[in-house]
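First comes the structure, then the notes that go with it.
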Amino acid sequence: MSNQPIQPIVEFSHISMQFPGVLANDDVSLSIMPGEVFALVGENGAGKSTLMNILFGINTPSAGTITVKGKTYKSLTSAQAIGLGIGMVHQHFMLVPSFSVAQNIVLGDEPQRGILYDLREAKRITEKLVAEYGLEVPPDEPVKNLSVGLQQRVEILKTLHRGAEILILDEPTAVLTPQETDELFDVIRGIVRDRGMTVIIITHKLGEVMAISNRVGVLRHGRLAGVYETADVDERKLASLMVGKDVLLGLLERNQREQPIPEEPAISVRNLTVRDNRGLEAVRGMSFDVHRGEIVGIAGVEGNGQSELVEAVTGMRAIRDGEVYVFGKKINRLSPGKIRKLGLSHVPEDRLATGVAAQADITENLVIGKHRRWPFSVLRVHMRGGPARRYARKLSGEFDIRSAGVGTEVGSLSGGNMQKVVVAREFSFDTQALVIAQPTRGVDIGATDFFHQRIMDKRNQGCAILLVSADLDELYRLSDRMLTVYEGRITGEFDPATAPREEVGRCMMGADQAQDSKTTVNEASDG
Amino acid sequence: MKWKERGIYLLSLLISIVLGLGVGALLMLATGHDPIEGYTAMVNGALGSKWDADTILKNSELGNTLYRSTLLIITGLATAVASDAGLFNVGGQGQMCLGALVGAYLGAELTTILPFTAGWPVWLLIVVCFLAATLAGAIYALIPALMKVRLNISEVVSTILLNSVALTFCTYMSNGPLKAQGKGTQTAAILKDLEFTRFFKPSNLSQAVFIAAGMALVVWYLMSRTTFGYEMRMAGRNSRFAKFSGLKASTLAVTGMVISGALCGALGMLEVFGWKHRYAVDLSTDFYWDGMLVAMIMRYKPLGIILMSFFFGILKSGAIRMQSSTGISPELIQVIQAIIIFFMAAEQGMILRFRTWRARRHPQHEEVISA
């Protein structure tokens, strides 16, 4: 084996993939070597997932061939792919939430005793996998109770249980905290080193490409823009290959405040307590203010009450205790619609579940909230289709929403374009307060820069912005003030211009802020 | 773009109908019948032969086709309204029965139980009966809708169960408290003055068809051209998104279901006033399932439902003649109908396959939008 040239384990040859209206892959030829970590990067809609879905047997290519372990196929079925040792962890996890970890891992290959499902054996298999790969998971816990990072581990273990040798990870870090990302990378390094596995990782976080991969392939508009040894390129080079021009997140223009902050805060949270879906207290006595013309960033490891905080402020979740004021009006018992009328818009963290109606078209998704106004309706009753479509076309232009037309179902758009629909709608209300959660999750670098610019524009126009993000870089880049949260409490307040990351990180992990690093007195807490 | 899409849709629908009829023809050949003869009989049976101005009002075949189409249009639209709001109304039969019973009871007794209405003009009495029947259907749909949004009880299960409750209740009433003297299981006849004028005799078509047409028009407008219809659709597609966007998602869902029930209740009353003239246990409400089928095939699009109902009306009423004049068994006719329905239901899948196939052969015809 060692004295003959190494054959590629996977070879794409002139692969093209034609969807109705979209050429997702265009003559892509690419080789993956055994035992390497190969990063596939590209903007949203560049065709990364499509290419991997072809390898995993979900899509049938329109042209070209795939060679796996020396055998050439015109197309694969999922069963074939699994048989060839290919495993894929999708961006949206394919787990049964109410099943235990062990049950999920053996799903489709359940151990039996006679005709009965052998749960004990399932647990034993899981524990063996855990021991073998060093991926800690609680075997008996229902998957729905696990954090996103742990759920991802279950997905990986599932593919390992099925004997995967080639592991495809579709944007694995999009939902992870920095710590979880580090852990994942340790796992990847481990299985490559100890097991000789091949890992293909789809991502658009360039820092991660540099950190984990041996080689990197760049896709742009469905074409392969280049394949490089990771050591030979830098982030700037990759970014420009991805978007076809030089962009790297630089400084944003930030207006200095012209007038002192008005007395009354736009959003005011007082001793807020909120419960999560399980009835446990997720937010425990938070107090803070957001004034007009500032961005207040909430930093924290996911699952420390950020989602519940956002939902409480926007009326999507009942407030257990304490008060929330929007422009001076108490909103504790108001509906989301009433709160919107007070002048608050909201970009939710889960765009598919909350931010859009996926089966409705772009126009219908953009016009909602304004549909009872002229020119979209007459006397608030009769809808006019023409002006709505013209407006949707105008917004699509302004926010660079790429689609086959405004009659396209939003569910068929890529994640980044779907987010553009949400942002286009929410930013075009004439509101002076914005609550924004995870604005660039799963969004490529070009669009991220675009969203950041828009958020900063809103701030500079005098909008009050509450920004919740799991991406610390994002918070550093945008925030005027940063609050760290841990287990539903605020643990620190920082000025991003001066705050050291280690200190912020410590507060995110539950440490109390050191007295001398406090930037401002937290007046809110005694309200 | 929009018109092109619609054109393609209509064309593919037409193709699927032709394919369905084609397979039907093969079946007839295989069983030893002449398909041309069979289909001619079907068309004649559905449209009749009397088309000139003097005799058209005696064209009972045409009358029956129109009558059947009307039933399908209203029930189809009823299904569609609820479905737009995100709920599945399987309880149309029960709502219709109650509407019919209430309509029949008031049509017979209104001037007796409320003597002050005795002097009212006929049209006003009809309006009162119509509204009461509508209300009955609406309330009967409100129950499962509330159970759904408040207690998360599946409306499919509850509406099916409520069907039996309503049917049994109506049978009891027409055999007990409201039973007409000396007759079978039926209520007293409505007042002669209130009966709708029938035409195309002996078909069941009556003036009710105009009211039904009006209802269809109103519902079509409501669903496709109003802010309310739009809001209901959004709530039906994603209720969390609707709530997030400031709509009253639960209220909209309930309203959709209530409108659906109201349509069914009204239709029950029209059946009574149109030709049956009383509530009787043999009053058929089975066609509700056909209406649901039409709505599903047409993907709950109001205009499509109206058009497709006519086609179904022709199929249904033509089948009788097909049987009597060619001897094709009614089972075979049902099979042929099912095949045609299959092809129409498969329309969406077929067009997607066709497009993928075309895109592979001629990639340059498709625009690359990522450019």
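Labeling convention for the structure tokens: chains A, B, ... as they appear, residues from 1 per chain, ligands from 1 in order of appearance.
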
Contacts of chain A with chain B up to 8 Å, shortest pair per row, only C-alpha atoms, as a tab-separated table:
```
residue	atom	partner	partner_atom	distance
A:Gln18	CA	B:Ala359	CA	6.6
A:Phe19	CA	B:Thr356	CA	6.7
A:Pro20	CA	B:Thr356	CA	6.1
A:Gly21	CA	B:Glu366	CA	5.2
A:Val22	CA	B:Val368	CA	5.0
A:Leu23	CA	B:Val368	CA	5.7
A:Gly45	CA	B:Ser370	CA	7.3
A:Ala46	CA	B:Ser370	CA	8.0
A:Ser62	CA	B:Arg360	CA	6.0
A:His221	CA	B:Ser370	CA	6.0
A:Met316	CA	B:Phe244	CA	6.9
A:Ser335	CA	B:Gly246	CA	7.4
A:Pro336	CA	B:Gly246	CA	5.3
A:Gly337	CA	B:Gly246	CA	3.3
A:Lys338	CA	B:Gly246	CA	7.1
A:Arg340	CA	B:Gly246	CA	7.0
A:Ala353	CA	B:Phe241	CA	7.1
A:Thr354	CA	B:Phe241	CA	4.6
A:Gly355	CA	B:Phe241	CA	5.9
A:Val356	CA	B:Phe241	CA	6.0
A:Ala357	CA	B:Asn238	CA	5.3
A:Ala358	CA	B:Arg237	CA	7.6
A:Gln359	CA	B:Arg237	CA	6.5
A:Ala360	CA	B:Arg237	CA	7.2
A:Ile368	CA	B:Ser245	CA	6.9
A:Gly369	CA	B:Ser245	CA	6.2
A:His371	CA	B:Thr227	CA	6.8
A:Arg372	CA	B:Thr227	CA	6.6
A:Ser377	CA	B:Thr227	CA	7.2
A:Arg380	CA	B:Thr227	CA	6.8
A:Val381	CA	B:Thr227	CA	5.2
A:His382	CA	B:Thr226	CA	4.5
A:Met383	CA	B:Thr226	CA	4.8
A:Arg384	CA	B:Arg225	CA	7.4
A:Arg402	CA	B:Ser370	CA	7.1
A:Ser403	CA	B:Ile369	CA	6.6
A:Ala404	CA	B:Ile369	CA	6.3
A:Gly407	CA	B:Lys2	CA	7.9
```

Two-atom distance - atom CA of A:Lys144, atom CA of A:Leu475 (Å)
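Taking atom CA of A:Lys144 as the start and atom CA of A:Leu475 as the end point, the length is 28.3 Å.
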
Would you kindly return, as a list in words, each protein, DNA or RNA residue with an atom no farther than 8 Å from any atom of B:Met96, considering only C-alpha atoms and excluding same-chain residues fewer than 5 positions away?
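Residues meeting the cut-off are Gly137, Gly261, Cys264, Gly265, Ala266, Leu267, Gly268, Met269 and Thr285 of chain B.
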
Could you write those residues out with all heavy atoms, as a PDB file, in the first residue's frame?
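Just written: selection_36.pdb:
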```
ATOM      1  N   GLY B 137     -74.385  25.440  10.731  1.00  0.00           N
ATOM      2  CA  GLY B 137     -73.164  24.833  10.200  1.00  0.00           C
ATOM      3  C   GLY B 137     -71.932  25.472  10.807  1.00  0.00           C
ATOM      4  O   GLY B 137     -70.956  24.788  11.153  1.00  0.00           O
ATOM      5  N   GLY B 261     -67.689  25.610   7.706  1.00  0.00           N
ATOM      6  CA  GLY B 261     -68.918  25.027   8.238  1.00  0.00           C
ATOM      7  C   GLY B 261     -70.153  25.786   7.796  1.00  0.00           C
ATOM      8  O   GLY B 261     -71.195  25.201   7.486  1.00  0.00           O
ATOM      9  N   CYS B 264     -71.178  24.786   4.368  1.00  0.00           N
ATOM     10  CA  CYS B 264     -71.834  23.476   4.364  1.00  0.00           C
ATOM     11  C   CYS B 264     -73.255  23.587   4.895  1.00  0.00           C
ATOM     12  O   CYS B 264     -74.182  23.010   4.323  1.00  0.00           O
ATOM     13  CB  CYS B 264     -71.024  22.484   5.198  1.00  0.00           C
ATOM     14  SG  CYS B 264     -69.458  22.061   4.437  1.00  0.00           S
ATOM     15  N   GLY B 265     -73.420  24.332   5.995  1.00  0.00           N
ATOM     16  CA  GLY B 265     -74.757  24.517   6.555  1.00  0.00           C
ATOM     17  C   GLY B 265     -75.693  25.136   5.534  1.00  0.00           C
ATOM     18  O   GLY B 265     -76.827  24.684   5.329  1.00  0.00           O
ATOM     19  N   ALA B 266     -75.206  26.169   4.852  1.00  0.00           N
ATOM     20  CA  ALA B 266     -76.022  26.844   3.846  1.00  0.00           C
ATOM     21  C   ALA B 266     -76.387  25.882   2.724  1.00  0.00           C
ATOM     22  O   ALA B 266     -77.525  25.872   2.239  1.00  0.00           O
ATOM     23  CB  ALA B 266     -75.266  28.049   3.283  1.00  0.00           C
ATOM     24  N   LEU B 267     -75.420  25.051   2.327  1.00  0.00           N
ATOM     25  CA  LEU B 267     -75.681  24.114   1.237  1.00  0.00           C
ATOM     26  C   LEU B 267     -76.784  23.118   1.631  1.00  0.00           C
ATOM     27  O   LEU B 267     -77.641  22.771   0.820  1.00  0.00           O
ATOM     28  CB  LEU B 267     -74.397  23.373   0.862  1.00  0.00           C
ATOM     29  CG  LEU B 267     -74.471  22.509  -0.397  1.00  0.00           C
ATOM     30  CD1 LEU B 267     -74.827  23.357  -1.604  1.00  0.00           C
ATOM     31  CD2 LEU B 267     -73.157  21.788  -0.635  1.00  0.00           C
ATOM     32  N   GLY B 268     -76.764  22.701   2.894  1.00  0.00           N
ATOM     33  CA  GLY B 268     -77.810  21.808   3.372  1.00  0.00           C
ATOM     34  C   GLY B 268     -79.183  22.443   3.222  1.00  0.00           C
ATOM     35  O   GLY B 268     -80.133  21.818   2.743  1.00  0.00           O
ATOM     36  N   MET B 269     -79.282  23.717   3.593  1.00  0.00           N
ATOM     37  CA  MET B 269     -80.552  24.423   3.484  1.00  0.00           C
ATOM     38  C   MET B 269     -80.984  24.543   2.015  1.00  0.00           C
ATOM     39  O   MET B 269     -82.160  24.374   1.675  1.00  0.00           O
ATOM     40  CB  MET B 269     -80.403  25.811   4.141  1.00  0.00           C
ATOM     41  CG  MET B 269     -81.586  26.723   3.999  1.00  0.00           C
ATOM     42  SD  MET B 269     -81.437  27.726   2.498  1.00  0.00           S
ATOM     43  CE  MET B 269     -82.866  28.776   2.654  1.00  0.00           C
ATOM     44  N   THR B 285     -75.534  13.336   1.652  1.00  0.00           N
ATOM     45  CA  THR B 285     -74.473  14.328   1.846  1.00  0.00           C
ATOM     46  C   THR B 285     -73.123  13.722   1.464  1.00  0.00           C
ATOM     47  O   THR B 285     -72.083  14.291   1.711  1.00  0.00           O
ATOM     48  CB  THR B 285     -74.430  14.784   3.314  1.00  0.00           C
ATOM     49  OG1 THR B 285     -74.463  13.632   4.146  1.00  0.00           O
ATOM     50  CG2 THR B 285     -75.583  15.683   3.654  1.00  0.00           C
TER      51      THR B 285
END
```

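Going from atom CA of B:Val209 over to atom CA of B:Ala180, you cover 27.6 Å.
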
Who sits within 10 Å of B:Ala136, only C-alpha atoms, same chain under 4 positions skipped, as a list in words
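The neighbour list is Gln95, Met96, Cys97, Leu98, Gly99, Ala100, Leu101, Val102, Gly103, Phe130, Leu131, Ala132, Tyr140, Ala141, Leu142, Gly261, Ala262, Cys264, Gly265 and Ala266 of chain B.
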
Selected residues written out with N, CA, C and O atoms, as a compact mmCIF listing (two decimals), in the first residue's frame:
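Saved result, result_21.txt, follows:
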```
# COMPACT_ATOMS: atom_id res chain seq x y z
N GLN B 95 -72.15 19.12 9.21
CA GLN B 95 -72.56 20.53 9.14
C GLN B 95 -73.70 20.70 8.14
O GLN B 95 -74.63 21.47 8.36
N MET B 96 -73.62 19.97 7.04
CA MET B 96 -74.66 20.04 6.02
C MET B 96 -75.98 19.52 6.56
O MET B 96 -77.04 20.12 6.36
N CYS B 97 -75.94 18.38 7.27
CA CYS B 97 -77.15 17.78 7.82
C CYS B 97 -77.84 18.75 8.77
O CYS B 97 -79.05 18.96 8.70
N LEU B 98 -77.04 19.34 9.65
CA LEU B 98 -77.63 20.27 10.60
C LEU B 98 -78.23 21.47 9.89
O LEU B 98 -79.33 21.92 10.22
N GLY B 99 -77.52 21.98 8.88
CA GLY B 99 -78.06 23.10 8.09
C GLY B 99 -79.38 22.72 7.45
O GLY B 99 -80.34 23.49 7.46
N ALA B 100 -79.42 21.51 6.90
CA ALA B 100 -80.63 21.05 6.24
C ALA B 100 -81.77 20.92 7.24
O ALA B 100 -82.90 21.35 6.98
N LEU B 101 -81.47 20.35 8.41
CA LEU B 101 -82.51 20.15 9.42
C LEU B 101 -83.05 21.50 9.91
O LEU B 101 -84.26 21.71 9.97
N VAL B 102 -82.13 22.42 10.22
CA VAL B 102 -82.56 23.74 10.69
C VAL B 102 -83.37 24.45 9.62
O VAL B 102 -84.43 25.02 9.88
N GLY B 103 -82.87 24.37 8.37
CA GLY B 103 -83.59 25.01 7.27
C GLY B 103 -84.97 24.42 7.10
O GLY B 103 -85.96 25.15 6.96
N PHE B 130 -82.03 30.80 5.64
CA PHE B 130 -80.68 30.65 5.10
C PHE B 130 -79.66 30.98 6.19
O PHE B 130 -78.71 30.23 6.43
N LEU B 131 -79.88 32.13 6.85
CA LEU B 131 -78.93 32.56 7.87
C LEU B 131 -78.89 31.58 9.04
O LEU B 131 -77.82 31.26 9.56
N ALA B 132 -80.07 31.09 9.42
CA ALA B 132 -80.12 30.15 10.54
C ALA B 132 -79.36 28.88 10.21
O ALA B 132 -78.58 28.36 11.03
N TYR B 140 -71.40 24.41 14.35
CA TYR B 140 -70.97 23.02 14.43
C TYR B 140 -69.51 22.85 14.02
O TYR B 140 -68.86 21.88 14.40
N ALA B 141 -69.02 23.80 13.22
CA ALA B 141 -67.60 23.76 12.86
C ALA B 141 -66.74 24.47 13.91
O ALA B 141 -65.55 24.21 14.05
N LEU B 142 -67.38 25.37 14.63
CA LEU B 142 -66.65 26.13 15.66
C LEU B 142 -66.14 25.19 16.77
O LEU B 142 -65.04 25.37 17.28
N GLY B 261 -67.69 25.61 7.71
CA GLY B 261 -68.92 25.03 8.24
C GLY B 261 -70.15 25.79 7.80
O GLY B 261 -71.19 25.20 7.49
N ALA B 262 -70.05 27.13 7.74
CA ALA B 262 -71.17 27.95 7.32
C ALA B 262 -71.58 27.61 5.89
O ALA B 262 -72.77 27.50 5.58
N CYS B 264 -71.18 24.79 4.37
CA CYS B 264 -71.83 23.48 4.36
C CYS B 264 -73.26 23.59 4.90
O CYS B 264 -74.18 23.01 4.32
N GLY B 265 -73.42 24.33 5.99
CA GLY B 265 -74.76 24.52 6.56
C GLY B 265 -75.69 25.14 5.53
O GLY B 265 -76.83 24.68 5.33
N ALA B 266 -75.21 26.17 4.85
CA ALA B 266 -76.02 26.84 3.85
C ALA B 266 -76.39 25.88 2.72
O ALA B 266 -77.53 25.87 2.24
```

Those of stretch 9-91 of chain A in DSSP alpha helix (DSSP H), formatted as number ranges by chain
A: 48-55, 78-83

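For the pair atom CA of A:Gly279 and atom CA of A:Phe99, the separation is 20.3 Å.
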